[in-house]
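Chemist: Structure supplied as my_file04.cif; contents: mmCIF, C-alpha atoms.
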data_run
#
loop_
_atom_site.group_PDB
_atom_site.id
_atom_site.type_symbol
_atom_site.label_atom_id
_atom_site.label_comp_id
_atom_site.auth_asym_id
_atom_site.auth_seq_id
_atom_site.Cartn_x
_atom_site.Cartn_y
_atom_site.Cartn_z
ATOM 1 C CA MET A 1143 -22.540 17.763 -60.427
ATOM 2 C CA PRO A 1144 -23.005 17.895 -56.638
ATOM 3 C CA LYS A 1145 -19.900 17.399 -54.538
ATOM 4 C CA ILE A 1146 -19.772 15.950 -51.039
ATOM 5 C CA TYR A 1147 -17.435 17.665 -48.604
ATOM 6 C CA ASP A 1148 -16.291 15.485 -45.720
ATOM 7 C CA ASN A 1149 -13.475 17.747 -44.450
ATOM 8 C CA ILE A 1150 -11.123 14.773 -44.741
ATOM 9 C CA GLU A 1151 -10.462 14.408 -48.457
ATOM 10 C CA ASN A 1152 -12.540 17.389 -49.600
ATOM 11 C CA GLN A 1153 -12.347 20.531 -47.467
ATOM 12 C CA LEU A 1154 -15.570 22.556 -47.409
ATOM 13 C CA SER A 1155 -13.921 25.950 -46.936
ATOM 14 C CA GLN A 1156 -11.630 25.383 -49.938
ATOM 15 C CA GLY A 1157 -14.504 24.216 -52.134
ATOM 16 C CA LEU A 1158 -16.757 27.115 -51.143
ATOM 17 C CA THR A 1159 -13.983 29.660 -51.645
ATOM 18 C CA ALA A 1160 -13.302 28.383 -55.168
ATOM 19 C CA THR A 1161 -17.003 28.314 -56.032
ATOM 20 C CA LEU A 1162 -17.779 31.754 -54.583
ATOM 21 C CA GLU A 1163 -14.987 33.335 -56.632
ATOM 22 C CA LEU A 1164 -17.044 32.417 -59.737
ATOM 23 C CA SER A 1165 -20.478 33.234 -58.309
ATOM 24 C CA LYS A 1166 -22.872 36.178 -58.272
ATOM 25 C CA ARG A 1167 -24.841 34.899 -55.277
ATOM 26 C CA GLY A 1168 -24.987 31.858 -53.039
ATOM 27 C CA ASP A 1169 -27.814 29.543 -51.998
ATOM 28 C CA PHE A 1170 -26.825 26.981 -49.403
ATOM 29 C CA CYS A 1171 -28.769 24.115 -47.870
ATOM 30 C CA VAL A 1172 -27.035 22.351 -44.998
ATOM 31 C CA GLY A 1173 -27.946 19.798 -42.371
ATOM 32 C CA TYR A 1174 -25.903 21.563 -39.695
ATOM 33 C CA PHE A 1175 -24.396 25.027 -39.458
ATOM 34 C CA ASN A 1176 -21.962 26.283 -36.845
ATOM 35 C CA LEU A 1177 -21.691 30.069 -36.899
ATOM 36 C CA ARG A 1178 -18.025 29.879 -35.876
ATOM 37 C CA GLY A 1179 -17.194 28.682 -39.391
ATOM 38 C CA TRP A 1180 -18.822 31.647 -41.134
ATOM 39 C CA HIS A 1181 -15.539 33.599 -41.051
ATOM 40 C CA GLU A 1182 -14.177 31.088 -43.572
ATOM 41 C CA VAL A 1183 -16.433 32.478 -46.330
ATOM 42 C CA ALA A 1184 -17.709 35.835 -45.021
ATOM 43 C CA ASP A 1185 -15.244 37.939 -47.019
ATOM 44 C CA LYS A 1186 -16.193 36.086 -50.224
ATOM 45 C CA ILE A 1187 -19.934 36.538 -49.558
ATOM 46 C CA GLU A 1188 -19.431 40.278 -49.051
ATOM 47 C CA THR A 1189 -17.890 40.642 -52.532
ATOM 48 C CA LEU A 1190 -20.770 38.926 -54.382
ATOM 49 C CA ASP A 1191 -22.756 41.089 -56.819
ATOM 50 C CA GLY A 1192 -26.049 39.499 -55.869
ATOM 51 C CA MET A 1193 -28.987 38.889 -58.196
ATOM 52 C CA LEU A 1194 -32.692 39.563 -58.408
ATOM 53 C CA ILE A 1195 -34.739 36.515 -57.512
ATOM 54 C CA ASN A 1196 -38.461 35.904 -57.306
ATOM 55 C CA GLU A 1197 -39.751 35.511 -53.748
ATOM 56 C CA ASN A 1198 -43.519 35.230 -53.414
ATOM 57 C CA GLY A 1199 -44.077 37.215 -56.607
ATOM 58 C CA ASP A 1200 -41.667 40.022 -55.670
ATOM 59 C CA GLN A 1201 -38.267 40.646 -57.223
ATOM 60 C CA VAL A 1202 -35.746 40.793 -54.350
ATOM 61 C CA HIS A 1203 -32.001 41.463 -54.596
ATOM 62 C CA ARG A 1204 -30.174 38.705 -52.672
ATOM 63 C CA PHE A 1205 -26.515 37.969 -52.072
ATOM 64 C CA CYS A 1206 -26.770 34.815 -49.989
ATOM 65 C CA ARG A 1207 -29.486 32.520 -48.653
ATOM 66 C CA LEU A 1208 -28.806 29.820 -46.079
ATOM 67 C CA LEU A 1209 -31.297 27.061 -45.267
ATOM 68 C CA VAL A 1210 -30.395 24.986 -42.210
ATOM 69 C CA GLU A 1211 -32.222 21.752 -41.426
ATOM 70 C CA CYS A 1212 -33.305 21.565 -37.819
ATOM 71 C CA LYS A 1213 -34.431 18.033 -37.025
ATOM 72 C CA SER A 1214 -35.613 18.979 -33.558
ATOM 73 C CA CYS A 1215 -37.858 21.611 -35.175
ATOM 74 C CA LEU A 1216 -39.663 19.143 -37.435
ATOM 75 C CA LEU A 1217 -43.182 18.337 -36.312
ATOM 76 C CA LYS A 1218 -44.452 14.771 -36.484
ATOM 77 C CA TYR A 1219 -48.057 14.278 -37.535
#
I need this file expressed as structure tokens, please.

Modeler:
Amino acid sequence: MPKIYDNIENQLSQGLTATLELSKRGDFCVGYFNLRGWHEVADKIETLDGMLINENGDQVHRFCRLLVECKSCLLKY
């Protein structure tokens, strides 16, 4: 079940730390990402085993993927 982190009642760094301790790799999709917060999870990401995933027909070993939405980058047609 998805969980919403608002950093008031549910702290993102605590939730990610708990989840990453049980994970082999991480895929994250966020609406905003501030690089200053990366130190909160960097040590956990570095300990992940990683997994082979299919990217464009190739098997690639990945530890972490981060997709950041950039509203100013979206083109309007």

Chemist: What separation in Å, quoted to one decimal, exists between atom CA of Glu1163 of chain A and atom CA of Asp1200 of chain A?

Modeler: 27.5 Å

Chemist: Using only C-alpha atoms for the distances, tell me which of A:Val1183, A:Leu1158, A:Leu1190, A:Leu1177 is nearest to Lys1145 of chain A.

Modeler: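 Distance minimum relative to Lys1145 of chain A lands on A:Leu1158.
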
Chemist: So what does the PyMOL selection byres ((chain A and resi 1169) around 12) actually pick up in this one, as a PDB file with C-alpha atoms, keeping the file's coordinate frame?

Modeler:
ATOM      1  CA  LEU A1158     -16.757  27.115 -51.143  1.00  0.00           C
ATOM      2  CA  THR A1161     -17.003  28.314 -56.032  1.00  0.00           C
ATOM      3  CA  LEU A1162     -17.779  31.754 -54.583  1.00  0.00           C
ATOM      4  CA  SER A1165     -20.478  33.234 -58.309  1.00  0.00           C
ATOM      5  CA  LYS A1166     -22.872  36.178 -58.272  1.00  0.00           C
ATOM      6  CA  ARG A1167     -24.841  34.899 -55.277  1.00  0.00           C
ATOM      7  CA  GLY A1168     -24.987  31.858 -53.039  1.00  0.00           C
ATOM      8  CA  PHE A1170     -26.825  26.981 -49.403  1.00  0.00           C
ATOM      9  CA  CYS A1171     -28.769  24.115 -47.870  1.00  0.00           C
ATOM     10  CA  VAL A1172     -27.035  22.351 -44.998  1.00  0.00           C
ATOM     11  CA  ILE A1187     -19.934  36.538 -49.558  1.00  0.00           C
ATOM     12  CA  LEU A1190     -20.770  38.926 -54.382  1.00  0.00           C
ATOM     13  CA  GLY A1192     -26.049  39.499 -55.869  1.00  0.00           C
ATOM     14  CA  MET A1193     -28.987  38.889 -58.196  1.00  0.00           C
ATOM     15  CA  ILE A1195     -34.739  36.515 -57.512  1.00  0.00           C
ATOM     16  CA  ARG A1204     -30.174  38.705 -52.672  1.00  0.00           C
ATOM     17  CA  PHE A1205     -26.515  37.969 -52.072  1.00  0.00           C
ATOM     18  CA  CYS A1206     -26.770  34.815 -49.989  1.00  0.00           C
ATOM     19  CA  ARG A1207     -29.486  32.520 -48.653  1.00  0.00           C
ATOM     20  CA  LEU A1208     -28.806  29.820 -46.079  1.00  0.00           C
ATOM     21  CA  LEU A1209     -31.297  27.061 -45.267  1.00  0.00           C
ATOM     22  CA  VAL A1210     -30.395  24.986 -42.210  1.00  0.00           C
TER      23      VAL A1210
END

Chemist: Atom CA of Gly1179 of chain A and atom CA of Ile1150 of chain A, how far apart in Å?

Modeler: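 A separation of 16.1 Å between them.
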
Chemist: Suppose you want the space between atom CA of Gln1156 of chain A and atom CA of Arg1178 of chain A; what is it in Å?

Modeler: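 That distance, rounded to one decimal, is 16.1 Å.
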
Chemist: Find, counting all atoms listed in the file, the residue in A:Asp1191, A:Asn1196, A:Gly1173, A:Trp1180 that gets nearest to Glu1211 of chain A.

Modeler: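 Between A:Asp1191, A:Asn1196, A:Gly1173, A:Trp1180, the residue approaching Glu1211 of chain A most closely is A:Gly1173.
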
Chemist: Which residue gives the smallest distance to Glu1182 of chain A among A:Cys1212, A:Thr1159, A:Asn1149, A:Pro1144, with all atoms listed in the file counted?

Modeler: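 With all atoms listed in the file as the atom set, the closest residue is A:Thr1159.
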
Chemist: Would you please work out which residue, of A:Ser1155, A:Glu1197, A:Val1202, A:Tyr1147, is nearest to Ala1184 of chain A when using all atoms listed in the file?

Modeler: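 Smallest distance to Ala1184 of chain A is found for A:Ser1155.
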
Chemist: Rebuild segment 1159-1170 of chain A to all heavy atoms - output it as a PDB file, in the frame of the given file, please.

Modeler:
ATOM      1  N   THR A1159     -14.774  28.514 -51.202  1.00  0.00           N
ATOM      2  CA  THR A1159     -13.983  29.660 -51.645  1.00  0.00           C
ATOM      3  C   THR A1159     -13.815  29.645 -53.156  1.00  0.00           C
ATOM      4  O   THR A1159     -14.022  30.658 -53.825  1.00  0.00           O
ATOM      5  CB  THR A1159     -12.611  29.663 -50.951  1.00  0.00           C
ATOM      6  OG1 THR A1159     -12.818  29.796 -49.548  1.00  0.00           O
ATOM      7  CG2 THR A1159     -11.748  30.799 -51.447  1.00  0.00           C
ATOM      8  N   ALA A1160     -13.477  28.495 -53.719  1.00  0.00           N
ATOM      9  CA  ALA A1160     -13.302  28.383 -55.168  1.00  0.00           C
ATOM     10  C   ALA A1160     -14.605  28.642 -55.908  1.00  0.00           C
ATOM     11  O   ALA A1160     -14.621  29.322 -56.937  1.00  0.00           O
ATOM     12  CB  ALA A1160     -12.756  26.995 -55.517  1.00  0.00           C
ATOM     13  N   THR A1161     -15.701  28.126 -55.386  1.00  0.00           N
ATOM     14  CA  THR A1161     -17.003  28.314 -56.032  1.00  0.00           C
ATOM     15  C   THR A1161     -17.467  29.756 -55.934  1.00  0.00           C
ATOM     16  O   THR A1161     -17.968  30.331 -56.911  1.00  0.00           O
ATOM     17  CB  THR A1161     -18.046  27.380 -55.400  1.00  0.00           C
ATOM     18  OG1 THR A1161     -17.625  26.028 -55.580  1.00  0.00           O
ATOM     19  CG2 THR A1161     -19.407  27.567 -56.023  1.00  0.00           C
ATOM     20  N   LEU A1162     -17.318  30.381 -54.772  1.00  0.00           N
ATOM     21  CA  LEU A1162     -17.779  31.754 -54.583  1.00  0.00           C
ATOM     22  C   LEU A1162     -17.005  32.756 -55.429  1.00  0.00           C
ATOM     23  O   LEU A1162     -17.529  33.803 -55.786  1.00  0.00           O
ATOM     24  CB  LEU A1162     -17.706  32.136 -53.101  1.00  0.00           C
ATOM     25  CG  LEU A1162     -18.757  31.461 -52.230  1.00  0.00           C
ATOM     26  CD1 LEU A1162     -18.462  31.715 -50.753  1.00  0.00           C
ATOM     27  CD2 LEU A1162     -20.151  31.932 -52.593  1.00  0.00           C
ATOM     28  N   GLU A1163     -15.764  32.445 -55.767  1.00  0.00           N
ATOM     29  CA  GLU A1163     -14.987  33.335 -56.632  1.00  0.00           C
ATOM     30  C   GLU A1163     -15.602  33.435 -58.026  1.00  0.00           C
ATOM     31  O   GLU A1163     -15.376  34.407 -58.737  1.00  0.00           O
ATOM     32  CB  GLU A1163     -13.546  32.858 -56.716  1.00  0.00           C
ATOM     33  CG  GLU A1163     -12.778  33.096 -55.425  1.00  0.00           C
ATOM     34  CD  GLU A1163     -11.380  32.529 -55.440  1.00  0.00           C
ATOM     35  OE1 GLU A1163     -10.992  31.871 -56.432  1.00  0.00           O
ATOM     36  OE2 GLU A1163     -10.672  32.724 -54.439  1.00  0.00           O
ATOM     37  N   LEU A1164     -16.406  32.447 -58.419  1.00  0.00           N
ATOM     38  CA  LEU A1164     -17.044  32.417 -59.737  1.00  0.00           C
ATOM     39  C   LEU A1164     -18.527  32.760 -59.683  1.00  0.00           C
ATOM     40  O   LEU A1164     -19.204  32.710 -60.699  1.00  0.00           O
ATOM     41  CB  LEU A1164     -16.880  31.021 -60.353  1.00  0.00           C
ATOM     42  CG  LEU A1164     -15.464  30.473 -60.453  1.00  0.00           C
ATOM     43  CD1 LEU A1164     -15.484  29.023 -60.888  1.00  0.00           C
ATOM     44  CD2 LEU A1164     -14.630  31.324 -61.396  1.00  0.00           C
ATOM     45  N   SER A1165     -19.035  33.093 -58.513  1.00  0.00           N
ATOM     46  CA  SER A1165     -20.478  33.234 -58.309  1.00  0.00           C
ATOM     47  C   SER A1165     -20.931  34.679 -58.201  1.00  0.00           C
ATOM     48  O   SER A1165     -20.157  35.562 -57.845  1.00  0.00           O
ATOM     49  CB  SER A1165     -20.882  32.503 -57.026  1.00  0.00           C
ATOM     50  OG  SER A1165     -20.507  31.151 -57.089  1.00  0.00           O
ATOM     51  N   LYS A1166     -22.231  34.880 -58.489  1.00  0.00           N
ATOM     52  CA  LYS A1166     -22.872  36.178 -58.272  1.00  0.00           C
ATOM     53  C   LYS A1166     -23.641  36.200 -56.965  1.00  0.00           C
ATOM     54  O   LYS A1166     -23.839  37.237 -56.360  1.00  0.00           O
ATOM     55  CB  LYS A1166     -23.819  36.504 -59.425  1.00  0.00           C
ATOM     56  CG  LYS A1166     -23.100  36.754 -60.725  1.00  0.00           C
ATOM     57  CD  LYS A1166     -24.059  37.165 -61.800  1.00  0.00           C
ATOM     58  CE  LYS A1166     -23.321  37.454 -63.081  1.00  0.00           C
ATOM     59  NZ  LYS A1166     -24.215  37.906 -64.132  1.00  0.00           N
ATOM     60  N   ARG A1167     -24.142  35.032 -56.546  1.00  0.00           N
ATOM     61  CA  ARG A1167     -24.841  34.899 -55.277  1.00  0.00           C
ATOM     62  C   ARG A1167     -24.725  33.457 -54.819  1.00  0.00           C
ATOM     63  O   ARG A1167     -24.309  32.584 -55.583  1.00  0.00           O
ATOM     64  CB  ARG A1167     -26.309  35.311 -55.372  1.00  0.00           C
ATOM     65  CG  ARG A1167     -27.172  34.381 -56.179  1.00  0.00           C
ATOM     66  CD  ARG A1167     -28.624  34.850 -56.170  1.00  0.00           C
ATOM     67  NE  ARG A1167     -29.425  34.047 -57.033  1.00  0.00           N
ATOM     68  CZ  ARG A1167     -30.103  32.970 -56.653  1.00  0.00           C
ATOM     69  NH1 ARG A1167     -30.066  32.597 -55.406  1.00  0.00           N
ATOM     70  NH2 ARG A1167     -30.809  32.293 -57.504  1.00  0.00           N
ATOM     71  N   GLY A1168     -25.086  33.211 -53.569  1.00  0.00           N
ATOM     72  CA  GLY A1168     -24.987  31.858 -53.039  1.00  0.00           C
ATOM     73  C   GLY A1168     -26.277  31.416 -52.379  1.00  0.00           C
ATOM     74  O   GLY A1168     -26.887  32.176 -51.624  1.00  0.00           O
ATOM     75  N   ASP A1169     -26.699  30.207 -52.667  1.00  0.00           N
ATOM     76  CA  ASP A1169     -27.814  29.543 -51.998  1.00  0.00           C
ATOM     77  C   ASP A1169     -27.261  28.259 -51.398  1.00  0.00           C
ATOM     78  O   ASP A1169     -26.711  27.424 -52.115  1.00  0.00           O
ATOM     79  CB  ASP A1169     -28.933  29.188 -52.978  1.00  0.00           C
ATOM     80  CG  ASP A1169     -29.722  30.395 -53.433  1.00  0.00           C
ATOM     81  OD1 ASP A1169     -29.764  31.391 -52.686  1.00  0.00           O
ATOM     82  OD2 ASP A1169     -30.307  30.342 -54.519  1.00  0.00           O
ATOM     83  N   PHE A1170     -27.388  28.126 -50.089  1.00  0.00           N
ATOM     84  CA  PHE A1170     -26.825  26.981 -49.403  1.00  0.00           C
ATOM     85  C   PHE A1170     -27.909  26.263 -48.611  1.00  0.00           C
ATOM     86  O   PHE A1170     -28.742  26.894 -47.973  1.00  0.00           O
ATOM     87  CB  PHE A1170     -25.718  27.424 -48.429  1.00  0.00           C
ATOM     88  CG  PHE A1170     -24.635  28.221 -49.088  1.00  0.00           C
ATOM     89  CD1 PHE A1170     -24.635  29.602 -48.996  1.00  0.00           C
ATOM     90  CD2 PHE A1170     -23.637  27.604 -49.809  1.00  0.00           C
ATOM     91  CE1 PHE A1170     -23.646  30.353 -49.600  1.00  0.00           C
ATOM     92  CE2 PHE A1170     -22.639  28.351 -50.420  1.00  0.00           C
ATOM     93  CZ  PHE A1170     -22.648  29.731 -50.313  1.00  0.00           C
TER      94      PHE A1170
END
